[in-house]
file input26.tsv (TSV, C-alpha atoms)
chain	number	residue	atom	x	y	z
A	1	MET	CA	-6.22	5.07	54.75
A	2	CYS	CA	-7.30	8.49	53.54
A	3	LYS	CA	-10.74	9.97	53.70
A	4	LYS	CA	-12.76	9.74	50.50
A	5	SER	CA	-12.66	13.51	49.91
A	6	ASN	CA	-8.87	13.66	50.45
A	7	CYS	CA	-8.31	10.73	48.05
A	8	LEU	CA	-10.38	12.44	45.38
A	9	LEU	CA	-8.36	15.64	45.78
A	10	SER	CA	-5.09	13.71	45.54
A	11	GLN	CA	-6.23	11.92	42.39
A	12	LEU	CA	-7.36	15.20	40.83
A	13	PHE	CA	-3.98	16.80	41.63
A	14	LEU	CA	-2.08	13.92	39.99
A	15	PHE	CA	-4.37	14.05	36.95
A	16	LEU	CA	-3.68	17.79	36.49
A	17	ILE	CA	0.08	17.17	36.73
A	18	LEU	CA	-0.13	14.49	34.04
A	19	ILE	CA	-2.11	16.81	31.74
A	20	PHE	CA	0.47	19.57	32.23
A	21	PHE	CA	3.46	17.40	31.41
A	22	SER	CA	1.75	15.64	28.50
A	23	GLY	CA	1.29	19.04	26.86
A	24	CYS	CA	5.04	19.64	27.06
A	25	ILE	CA	6.12	16.45	25.29
A	26	THR	CA	8.00	16.96	22.02
A	27	GLU	CA	9.38	14.38	19.63
A	28	PHE	CA	12.96	13.37	20.50
A	29	ILE	CA	15.22	12.58	17.56
A	30	PRO	CA	18.67	11.61	18.83
A	31	GLU	CA	21.80	12.73	17.08
A	32	THR	CA	23.29	9.68	15.44
A	33	SER	CA	25.42	8.84	12.45
A	34	ALA	CA	23.95	5.35	12.15
A	35	ASP	CA	21.83	4.34	9.18
A	36	GLN	CA	22.75	7.42	7.15
A	37	ASP	CA	22.70	6.95	3.36
A	38	LEU	CA	22.24	3.20	3.46
A	39	ILE	CA	21.31	1.55	0.18
A	40	VAL	CA	17.73	0.32	-0.01
A	41	VAL	CA	16.85	-2.39	-2.52
A	42	GLY	CA	13.36	-3.69	-3.24
A	43	GLY	CA	11.67	-5.82	-5.85
A	44	ILE	CA	10.31	-9.22	-6.68
A	45	ILE	CA	11.03	-11.52	-9.62
A	46	THR	CA	8.19	-13.89	-10.58
A	47	ASP	CA	7.44	-16.52	-13.19
A	48	GLN	CA	4.75	-14.35	-14.78
A	49	PRO	CA	5.14	-12.44	-18.08
A	50	GLY	CA	5.45	-8.67	-18.02
A	51	PRO	CA	7.94	-6.21	-16.54
A	52	LYS	CA	9.67	-6.86	-13.24
A	53	THR	CA	11.28	-3.99	-11.38
A	54	ILE	CA	14.08	-3.50	-8.88
A	55	THR	CA	14.14	-0.20	-6.99
A	56	ILE	CA	17.39	1.21	-5.61
A	57	SER	CA	17.52	4.25	-3.32
A	58	THR	CA	19.16	5.64	-0.21
A	59	SER	CA	17.60	5.41	3.23
A	60	LEU	CA	16.15	8.32	5.18
A	61	PRO	CA	17.94	9.57	8.30
A	62	LEU	CA	16.24	8.80	11.60
A	63	GLY	CA	13.24	11.10	11.93
A	64	GLY	CA	13.54	12.23	8.32
A	65	ARG	CA	10.48	13.72	6.62
A	66	SER	CA	11.65	14.01	3.02
A	67	ALA	CA	11.38	11.37	0.33
A	68	ALA	CA	14.12	8.78	-0.14
A	69	LYS	CA	16.50	9.57	-3.01
A	70	PRO	CA	16.71	7.16	-5.96
A	71	ILE	CA	20.15	5.90	-6.96
A	72	THR	CA	20.64	6.38	-10.67
A	73	GLY	CA	23.20	5.07	-13.12
A	74	CYS	CA	23.56	1.59	-11.60
A	75	LYS	CA	24.42	-1.51	-13.60
A	76	VAL	CA	21.86	-4.12	-12.55
A	77	THR	CA	21.83	-7.76	-13.63
A	78	ILE	CA	20.24	-11.01	-12.50
A	79	THR	CA	21.96	-14.37	-13.01
A	80	ASP	CA	20.54	-17.88	-12.70
A	81	ASP	CA	22.18	-21.14	-11.64
A	82	LEU	CA	22.88	-22.00	-15.30
A	83	GLY	CA	24.96	-18.87	-15.82
A	84	THR	CA	22.34	-16.94	-17.80
A	85	ILE	CA	22.62	-13.15	-17.39
A	86	PHE	CA	19.55	-10.90	-17.48
A	87	THR	CA	20.24	-7.15	-17.81
A	88	LEU	CA	17.88	-4.58	-16.30
A	89	ASP	CA	17.42	-1.13	-17.83
A	90	GLU	CA	16.78	2.05	-15.83
A	91	SER	CA	13.23	2.95	-16.88
A	92	THR	CA	12.94	5.91	-14.49
A	93	GLU	CA	15.27	7.25	-11.82
A	94	GLY	CA	16.21	4.45	-9.45
A	95	ILE	CA	13.83	1.93	-11.06
A	96	TYR	CA	15.41	-0.88	-13.08
A	97	THR	CA	13.23	-3.09	-15.27
A	98	THR	CA	13.34	-6.32	-17.23
A	99	SER	CA	10.69	-8.23	-19.18
A	100	SER	CA	12.68	-11.48	-19.14
A	101	LEU	CA	10.93	-14.73	-18.26
A	102	PHE	CA	12.00	-16.55	-15.09
A	103	GLN	CA	11.31	-20.20	-14.32
A	104	THR	CA	10.30	-22.13	-11.23
A	105	GLY	CA	13.00	-24.48	-9.98
A	106	ARG	CA	15.81	-22.08	-10.94
A	107	SER	CA	17.87	-20.06	-8.45
A	108	TYR	CA	18.54	-16.38	-9.12
A	109	MET	CA	20.98	-13.78	-7.79
A	110	LEU	CA	20.77	-10.00	-8.02
A	111	HIS	CA	23.93	-7.99	-8.85
A	112	ILE	CA	24.23	-4.19	-8.51
A	113	LYS	CA	27.16	-1.93	-9.38
A	114	THR	CA	26.77	1.71	-8.32
A	115	GLY	CA	28.37	4.70	-10.02
A	116	GLU	CA	30.99	7.15	-8.78
A	117	ALA	CA	28.47	9.14	-6.75
A	118	HIS	CA	28.03	6.04	-4.57
A	119	HIS	CA	31.68	4.92	-4.51
A	120	ASN	CA	31.49	2.33	-7.32
A	121	LEU	CA	30.38	-0.36	-4.89
A	122	SER	CA	29.17	-3.84	-5.81
A	123	TYR	CA	26.19	-5.53	-4.17
A	124	GLU	CA	25.08	-9.13	-4.50
A	125	SER	CA	22.14	-11.12	-3.18
A	126	ALA	CA	22.14	-14.67	-1.91
A	127	PRO	CA	20.90	-17.29	-4.42
A	128	MET	CA	17.10	-17.38	-4.26
A	129	LEU	CA	15.10	-20.41	-5.43
A	130	LEU	CA	11.98	-19.59	-7.42
A	131	LYS	CA	9.53	-21.88	-5.65
A	132	PRO	CA	6.11	-22.82	-7.05
A	133	VAL	CA	2.99	-21.68	-5.24
A	134	PRO	CA	-0.44	-23.37	-5.41
A	135	PRO	CA	-3.46	-21.64	-6.95
A	136	ILE	CA	-5.89	-19.61	-4.86
A	137	ASP	CA	-8.89	-21.86	-4.25
A	138	SER	CA	-11.35	-19.10	-3.45
A	139	LEU	CA	-11.42	-15.37	-2.91
A	140	TYR	CA	-14.63	-13.92	-1.49
A	141	TYR	CA	-16.04	-11.17	0.68
A	142	GLU	CA	-18.57	-11.02	3.48
A	143	LYS	CA	-20.54	-8.00	4.61
A	144	GLU	CA	-19.51	-6.56	7.94
A	145	VAL	CA	-21.94	-4.46	9.98
A	146	MET	CA	-20.25	-1.22	11.04
A	147	SER	CA	-23.06	0.61	12.85
A	148	TYR	CA	-26.68	0.44	14.07
A	149	ASP	CA	-29.24	3.10	14.88
A	150	ASN	CA	-31.06	3.31	18.22
A	151	THR	CA	-33.73	0.87	16.99
A	152	GLY	CA	-31.15	-1.79	16.14
A	153	ALA	CA	-31.39	-1.29	12.37
A	154	VAL	CA	-28.16	-1.53	10.40
A	155	THR	CA	-26.94	1.91	9.29
A	156	GLY	CA	-23.45	1.15	8.05
A	157	GLU	CA	-21.76	-1.77	6.28
A	158	GLY	CA	-18.30	-2.68	5.03
A	159	ILE	CA	-16.71	-5.89	3.77
A	160	GLN	CA	-14.06	-8.35	4.84
A	161	VAL	CA	-12.17	-10.08	2.01
A	162	PHE	CA	-11.07	-13.66	2.69
A	163	LEU	CA	-8.91	-16.19	0.86
A	164	SER	CA	-8.56	-19.97	0.97
A	165	THR	CA	-5.80	-22.06	-0.60
A	166	HIS	CA	-4.04	-25.38	-0.17
A	167	ASP	CA	-1.01	-27.25	-1.46
A	168	PRO	CA	-1.82	-30.95	-1.98
A	169	GLU	CA	1.92	-31.74	-2.04
A	170	ASN	CA	2.48	-30.05	1.36
A	171	LYS	CA	5.56	-28.21	0.03
A	172	CYS	CA	4.73	-24.50	0.05
A	173	ARG	CA	4.00	-23.96	3.76
A	174	LEU	CA	5.12	-20.29	3.80
A	175	TYR	CA	2.87	-17.73	2.09
A	176	ARG	CA	2.71	-14.01	1.50
A	177	TRP	CA	-0.16	-12.00	-0.01
A	178	GLU	CA	-0.40	-8.57	-1.61
A	179	TYR	CA	-3.43	-6.94	-3.18
A	180	VAL	CA	-4.33	-4.17	-5.57
A	181	GLU	CA	-7.75	-2.57	-5.09
A	182	THR	CA	-9.62	-0.56	-7.72
A	183	TRP	CA	-12.88	1.30	-7.28
A	184	GLU	CA	-15.11	3.51	-9.37
A	185	ILE	CA	-16.01	7.03	-8.30
A	186	ARG	CA	-18.74	9.20	-9.77
A	187	LEU	CA	-19.09	12.91	-9.16
A	188	PRO	CA	-22.72	13.99	-8.66
A	189	TYR	CA	-22.23	16.88	-11.11
A	190	TYR	CA	-22.69	15.65	-14.67
A	191	ILE	CA	-21.86	18.88	-16.48
A	192	VAL	CA	-18.18	18.48	-15.60
A	193	GLN	CA	-16.06	16.70	-18.20
A	194	ASN	CA	-14.42	14.22	-15.86
A	195	HIS	CA	-17.15	12.90	-13.59
A	196	ILE	CA	-16.42	9.13	-13.73
A	197	CYS	CA	-12.98	7.84	-12.69
A	198	TRP	CA	-11.24	4.76	-11.35
A	199	VAL	CA	-8.85	4.81	-8.41
A	200	THR	CA	-6.20	2.12	-7.92
A	201	GLN	CA	-4.22	1.59	-4.74
A	202	ASN	CA	-1.66	-1.03	-3.73
A	203	SER	CA	-1.75	-2.75	-0.36
A	204	ASP	CA	0.53	-1.45	2.37
A	205	LEU	CA	0.03	-4.40	4.73
A	206	ILE	CA	2.38	-7.31	5.41
A	207	ASN	CA	0.26	-10.46	5.27
A	208	ILE	CA	2.08	-13.77	5.79
A	209	LYS	CA	1.16	-17.27	6.97
A	210	ASN	CA	3.10	-20.33	8.13
A	211	THR	CA	1.29	-23.69	7.91
A	212	SER	CA	4.25	-25.78	9.13
A	213	ALA	CA	2.60	-26.47	12.49
A	214	VAL	CA	-0.37	-28.30	10.95
A	215	SER	CA	-0.49	-31.61	9.11
A	216	GLN	CA	-2.07	-30.23	5.91
A	217	ASP	CA	-0.71	-27.31	3.93
A	218	ARG	CA	-4.06	-25.51	3.95
A	219	VAL	CA	-5.13	-21.90	4.56
A	220	ASP	CA	-8.79	-21.15	5.24
A	221	ARG	CA	-10.50	-17.78	5.68
A	222	GLN	CA	-7.28	-15.79	5.58
A	223	LEU	CA	-8.24	-12.14	6.02
A	224	ILE	CA	-6.83	-10.14	3.10
A	225	ASN	CA	-8.51	-6.75	3.44
A	226	PHE	CA	-11.10	-4.96	5.54
A	227	VAL	CA	-12.96	-2.21	3.69
A	228	THR	CA	-14.93	0.03	6.04
A	229	ASN	CA	-17.61	2.57	5.15
A	230	GLU	CA	-15.25	5.37	6.14
A	231	SER	CA	-14.01	5.53	2.54
A	232	ASP	CA	-16.04	5.65	-0.68
A	233	ARG	CA	-14.55	2.43	-2.10
A	234	LEU	CA	-17.90	0.63	-1.99
A	235	ASN	CA	-20.07	3.52	-3.17
A	236	VAL	CA	-20.28	2.43	-6.82
A	237	LYS	CA	-18.20	-0.66	-7.57
A	238	TYR	CA	-15.10	-2.21	-6.04
A	239	SER	CA	-12.59	-4.83	-7.20
A	240	ILE	CA	-9.61	-6.44	-5.53
A	241	LEU	CA	-6.78	-8.45	-7.15
A	242	VAL	CA	-4.83	-10.69	-4.76
A	243	ASN	CA	-1.35	-12.04	-5.51
A	244	GLN	CA	-0.18	-15.12	-3.64
A	245	TYR	CA	3.56	-15.80	-3.23
A	246	SER	CA	5.64	-18.64	-1.82
A	247	LEU	CA	8.49	-17.90	0.59
A	248	ASN	CA	11.60	-19.70	1.76
A	249	ASP	CA	12.54	-19.79	5.46
A	250	ASP	CA	14.86	-16.77	5.36
A	251	GLU	CA	12.43	-14.54	3.51
A	252	TYR	CA	9.57	-15.52	5.81
A	253	ALA	CA	11.76	-14.57	8.80
A	254	TYR	CA	12.52	-11.24	7.12
A	255	TRP	CA	8.86	-10.35	6.51
A	256	GLU	CA	7.93	-11.50	10.01
A	257	LYS	CA	10.46	-9.10	11.53
A	258	VAL	CA	9.34	-6.25	9.28
A	259	LYS	CA	5.71	-6.93	10.24
A	260	ASN	CA	6.57	-6.87	13.93
A	261	THR	CA	8.44	-3.60	13.47
A	262	VAL	CA	5.57	-1.94	11.62
A	263	GLU	CA	3.04	-3.05	14.22
A	264	GLU	CA	5.06	-1.72	17.16
A	265	VAL	CA	4.11	1.67	18.58
A	266	GLY	CA	7.61	2.90	17.81
A	267	SER	CA	10.38	3.99	20.15
A	268	LEU	CA	14.16	4.02	20.43
A	269	TYR	CA	13.98	0.52	21.86
A	270	ASP	CA	12.06	-1.10	18.99
A	271	ILE	CA	13.74	-3.03	16.20
A	272	VAL	CA	15.23	-0.56	13.72
A	273	PRO	CA	15.15	-1.45	10.00
A	274	SER	CA	18.93	-1.94	9.80
A	275	SER	CA	18.71	-4.71	12.40
A	276	ILE	CA	16.55	-6.81	10.05
A	277	PRO	CA	18.97	-8.90	7.98
A	278	SER	CA	18.77	-8.45	4.21
A	279	ASN	CA	19.75	-11.11	1.68
A	280	ILE	CA	21.91	-8.50	-0.11
A	281	LYS	CA	25.52	-7.71	0.84
A	282	CYS	CA	28.16	-5.21	-0.25
A	283	ILE	CA	31.14	-7.04	-1.75
A	284	GLU	CA	33.80	-4.43	-0.96
A	285	ARG	CA	32.39	-3.51	2.47
A	286	PRO	CA	30.70	-6.61	3.93
A	287	ALA	CA	30.05	-4.87	7.26
A	288	ASP	CA	27.80	-2.27	5.59
A	289	ASN	CA	24.09	-2.67	6.20
A	290	VAL	CA	21.76	-3.02	3.23
A	291	LEU	CA	18.02	-2.47	3.64
A	292	GLY	CA	15.35	-4.39	1.77
A	293	TYR	CA	15.10	-7.81	0.20
A	294	PHE	CA	15.44	-9.40	-3.23
A	295	SER	CA	12.37	-11.65	-3.54
A	296	VAL	CA	11.91	-14.50	-6.00
A	297	SER	CA	8.64	-16.40	-6.20
A	298	SER	CA	6.01	-17.97	-8.33
A	299	VAL	CA	2.73	-16.07	-8.13
A	300	LYS	CA	-0.91	-16.99	-8.45
A	301	SER	CA	-3.58	-14.30	-8.68
A	302	LYS	CA	-7.34	-13.99	-8.34
A	303	ARG	CA	-9.74	-11.07	-8.72
A	304	ILE	CA	-13.26	-10.46	-7.45
A	305	PHE	CA	-15.81	-7.65	-7.75
A	306	THR	CA	-18.48	-6.53	-5.32
A	307	HIS	CA	-22.05	-7.00	-6.56
A	308	ASP	CA	-23.94	-5.61	-3.56
A	309	ARG	CA	-25.24	-2.32	-2.30
A	310	PHE	CA	-24.01	-1.24	1.10
A	311	ARG	CA	-25.76	0.85	3.70
A	312	GLY	CA	-24.19	3.94	5.22
A	313	MET	CA	-21.84	4.82	2.39
A	314	PRO	CA	-20.24	8.28	2.81
A	315	ASN	CA	-20.98	11.28	0.63
A	316	LYS	CA	-17.64	12.92	-0.13
A	317	TYR	CA	-19.23	15.89	-1.90
A	318	THR	CA	-21.42	17.51	0.75
A	319	ASP	CA	-19.20	20.60	0.93
A	320	CYS	CA	-18.76	21.14	-2.81
A	321	GLU	CA	-21.44	23.74	-3.52
A	322	ASN	CA	-19.71	26.87	-2.25
A	323	VAL	CA	-21.29	29.86	-4.00
A	324	THR	CA	-24.08	30.68	-6.48
A	325	VAL	CA	-23.66	33.33	-9.17
A	326	GLY	CA	-25.73	34.59	-12.08
A	327	PHE	CA	-25.62	32.50	-15.22
A	328	ASN	CA	-23.84	35.20	-17.23
A	329	ASP	CA	-21.75	36.66	-14.39
A	330	TYR	CA	-17.99	37.02	-14.81
A	331	ILE	CA	-16.20	34.36	-12.74
A	332	GLU	CA	-12.75	35.33	-11.52
A	333	GLY	CA	-10.27	32.44	-11.44
A	334	LEU	CA	-12.52	30.16	-13.51
A	335	ASP	CA	-11.00	26.68	-13.92
A	336	PHE	CA	-8.09	27.74	-11.74
A	337	SER	CA	-9.44	28.50	-8.28
A	338	ARG	CA	-13.19	28.16	-8.99
A	339	TRP	CA	-15.05	25.56	-11.00
A	340	VAL	CA	-18.64	25.41	-12.27
A	341	ILE	CA	-20.45	22.25	-11.14
A	342	ILE	CA	-24.13	23.16	-11.69
A	343	GLU	CA	-25.74	25.19	-14.49
A	344	HIS	CA	-29.38	26.30	-14.62
A	345	PRO	CA	-29.89	28.61	-17.64
A	346	GLU	CA	-33.68	28.38	-17.46
A	347	PRO	CA	-35.78	30.16	-16.52
A	348	PRO	CA	-33.85	33.39	-17.18
A	349	PRO	CA	-31.75	34.87	-15.76
A	350	GLY	CA	-30.56	31.41	-14.54
A	351	TYR	CA	-27.63	30.69	-12.23
A	352	LYS	CA	-24.42	28.69	-11.78
A	353	VAL	CA	-23.06	26.96	-8.70
A	354	LEU	CA	-19.32	27.15	-8.12
A	355	THR	CA	-16.93	25.08	-6.04
A	356	TYR	CA	-13.55	26.06	-4.63
A	357	PHE	CA	-12.39	22.42	-4.59
A	358	LYS	CA	-11.06	21.01	-7.85
A	359	GLY	CA	-11.81	17.45	-6.73
A	360	CYS	CA	-15.52	18.32	-6.79
A	361	ALA	CA	-15.32	19.23	-10.49
A	362	ASP	CA	-12.64	16.88	-11.80
A	363	CYS	CA	-12.37	13.27	-10.67
A	364	THR	CA	-8.84	12.97	-12.15
A	365	VAL	CA	-7.65	14.69	-8.96
A	366	ARG	CA	-8.04	11.22	-7.43
A	367	GLY	CA	-8.08	8.78	-10.32
A	368	THR	CA	-8.11	8.26	-14.06
A	369	THR	CA	-10.86	8.35	-16.67
A	370	GLN	CA	-9.25	5.39	-18.44
A	371	VAL	CA	-11.47	2.34	-17.91
A	372	PRO	CA	-9.34	-0.55	-16.57
A	373	ASP	CA	-8.97	-3.46	-18.99
A	374	PHE	CA	-10.41	-5.87	-16.44
A	375	TRP	CA	-13.42	-3.73	-15.49
A	376	ILE	CA	-16.75	-5.53	-15.91
A	377	GLU	CA	-19.77	-3.32	-16.51
A	378	GLU	CA	-23.17	-4.43	-15.29
A	379	LYS	CA	-25.56	-5.50	-18.07

call {"tool": "encode", "arguments": {"input": "input26.tsv", "output": "structure tokens"}}
result
Amino acid sequence: MCKKSNCLLSQLFLFLILIFFSGCITEFIPETSADQDLIVVGGIITDQPGPKTITISTSLPLGGRSAAKPITGCKVTITDDLGTIFTLDESTEGIYTTSSLFQTGRSYMLHIKTGEAHHNLSYESAPMLLKPVPPIDSLYYEKEVMSYDNTGAVTGEGIQVFLSTHDPENKCRLYRWEYVETWEIRLPYYIVQNHICWVTQNSDLINIKNTSAVSQDRVDRQLINFVTNESDRLNVKYSILVNQYSLNDDEYAYWEKVKNTVEEVGSLYDIVPSSIPSNIKCIERPADNVLGYFSVSSVKSKRIFTHDRFRGMPNKYTDCENVTVGFNDYIEGLDFSRWVIIEHPEPPPGYKVLTYFKGCADCTVRGTTQVPDFWIEEK
């Protein structure tokens, strides 16, 4: 055994070595030809009215930093088990859209034919049954304490959004949820033209549930979203729309593997996207990998609004007031690199406060001034 002082010196020496080598670590991206220019297909067909979209693009190389490239000029159709053909039109580059109605109980297949730039290849999905899904029984939120002060008083709050549902026929069993959140923002400077906006953001989480292991097809208190007080979502008013989908066994396995991949820290030894089987194959080159999944499902939706005030909400505009000038002073770069957010003409000579950040003077940097159709104003 070593003396206490010698052990401490040895531990300190090892710690310094670790610090030195950790500072020399750089990202390793191996040279590989695998997974280059693979086709990526995404989209979901539901039984609801309105446009449905299929996106077609090429994959990024390993370690890539640029955006994926859309594949244009494809011929895209969907067929059902009765032989009906639904044609999709290219609304924007790589996005193919149809407003056709699809029915529960029918099976659907996706067909893609690429152009010359992508070797005139044909792709086809497996037949996918459009399964019904039960309604959402309840969607609700609960306040979550985020922080306390030294006296034990609550200084910060967020919310957790929960969902409950059940299928009385015990047939659904496999569920997936997505959400769209919308919140109102208000700039504290009312002289600017755009000081009230709405921001909308889609979920980027994979949320699935399998109830096969229990006797009743019931889901209680499923966590859908956790909104902390680190963002300004809850500052004014917040709404969340949740979509509930039914899955078959293969699609559930697909999303489960994707979820596990996303949640891994990430290394060369983790599951790579091309190892997750898609339900889409290339006809001429069956050995080619295809990324993504053609989803078909009934959908049930529910929306809620917050009706509370929350403690500890952040102020995103504390650094807006950058410089004060005279009321009639010439302002170089006005409405380009400097914006007026406060005006005080009286008493003369008066003054103006300028900001160097456009987002402090124009909320459309983050959102839109168009009031959402579903927005409910307090009376």

call {"tool": "atom_distance", "arguments": {"input": "input26.tsv", "atom1": "CA of Met128 in chain A", "atom2": "CA of Glu181 in chain A"}}
result
28.9 Å

call {"tool": "atom_distance", "arguments": {"input": "input26.tsv", "atom1": "CA of Thr79 in chain A", "atom2": "CA of Tyr123 in chain A"}}
result
13.2 Å

call {"tool": "closest_residue", "arguments": {"input": "input26.tsv", "among": "A:Ile304, A:Ala153, A:Leu82, A:Leu139", "to": "Lys237 in chain A", "atoms": "all atoms listed in the file"}}
result
A:Ile304

call {"tool": "closest_residue", "arguments": {"input": "input26.tsv", "among": "A:Phe327, A:Tyr175, A:Trp375, A:Phe162", "to": "Ser212 in chain A", "atoms": "only C-alpha atoms"}}
result
A:Tyr175

call {"tool": "residues_around", "arguments": {"input": "input26.tsv", "residues": "range 348-358 of chain A", "least_positions_apart": "3", "cutoff": "8 Å", "atoms": "only C-alpha atoms", "output": "MDAnalysis selection string"}}
result
chainID A and resid 320:328 337:345 361:362 365

call {"tool": "closest_residue", "arguments": {"input": "input26.tsv", "among": "A:Glu184, A:Asp217, A:Asp288, A:Asp335", "to": "His166 in chain A", "atoms": "all atoms listed in the file"}}
result
A:Asp217

call {"tool": "atom_distance", "arguments": {"input": "input26.tsv", "atom1": "CA of Val296 in chain A", "atom2": "CA of Glu93 in chain A"}}
result
22.8 Å

call {"tool": "residues_around", "arguments": {"input": "input26.tsv", "residues": "Thr211 in chain A", "least_positions_apart": "4", "cutoff": "12 Å", "atoms": "all atoms listed in the file", "output": "compact mmCIF listing (two decimals) with C-alpha atoms, in the coordinates of the input"}}
result
# COMPACT_ATOMS: atom_id res chain seq x y z
CA THR A 165 -5.80 -22.06 -0.60
CA HIS A 166 -4.04 -25.38 -0.17
CA ASP A 167 -1.01 -27.25 -1.46
CA ASN A 170 2.48 -30.05 1.36
CA LYS A 171 5.56 -28.21 0.03
CA CYS A 172 4.73 -24.50 0.05
CA ARG A 173 4.00 -23.96 3.76
CA LEU A 174 5.12 -20.29 3.80
CA TYR A 175 2.87 -17.73 2.09
CA ARG A 176 2.71 -14.01 1.50
CA SER A 215 -0.49 -31.61 9.11
CA GLN A 216 -2.07 -30.23 5.91
CA ASP A 217 -0.71 -27.31 3.93
CA ARG A 218 -4.06 -25.51 3.95
CA VAL A 219 -5.13 -21.90 4.56
CA ASP A 220 -8.79 -21.15 5.24
CA GLN A 222 -7.28 -15.79 5.58
CA SER A 246 5.64 -18.64 -1.82
CA LEU A 247 8.49 -17.90 0.59
CA TYR A 252 9.57 -15.52 5.81

call {"tool": "closest_residue", "arguments": {"input": "input26.tsv", "among": "A:Thr261, A:Arg366, A:Lys52, A:Lys316", "to": "Gln201 in chain A", "atoms": "only C-alpha atoms"}}
result
A:Arg366

call {"tool": "closest_residue", "arguments": {"input": "input26.tsv", "among": "A:Ile159, A:Cys363, A:Val227, A:Leu205", "to": "Tyr141 in chain A", "atoms": "only C-alpha atoms"}}
result
A:Ile159

call {"tool": "residues_around", "arguments": {"input": "input26.tsv", "residues": "range 310-313 of chain A", "least_positions_apart": "4", "cutoff": "12 Å", "atoms": "all atoms listed in the file", "output": "PyMOL selection string"}}
result
chain A and resi 142-149+153-159+227-238+306

call {"tool": "axis_aligned_box", "arguments": {"input": "input26.tsv", "around": "range 361-364 of chain A", "padding_each_side": "4 Å", "output": "AutoDock Vina command-line options"}}
result
--center_x -12.1 --center_y 16.1 --center_z -11.3 --size_x 14.5 --size_y 14.3 --size_z 9.7

call {"tool": "closest_residue", "arguments": {"input": "input26.tsv", "among": "A:Ile191, A:Leu163, A:Ile112, A:Ile56", "to": "Lys75 in chain A", "atoms": "all atoms listed in the file"}}
result
A:Ile112
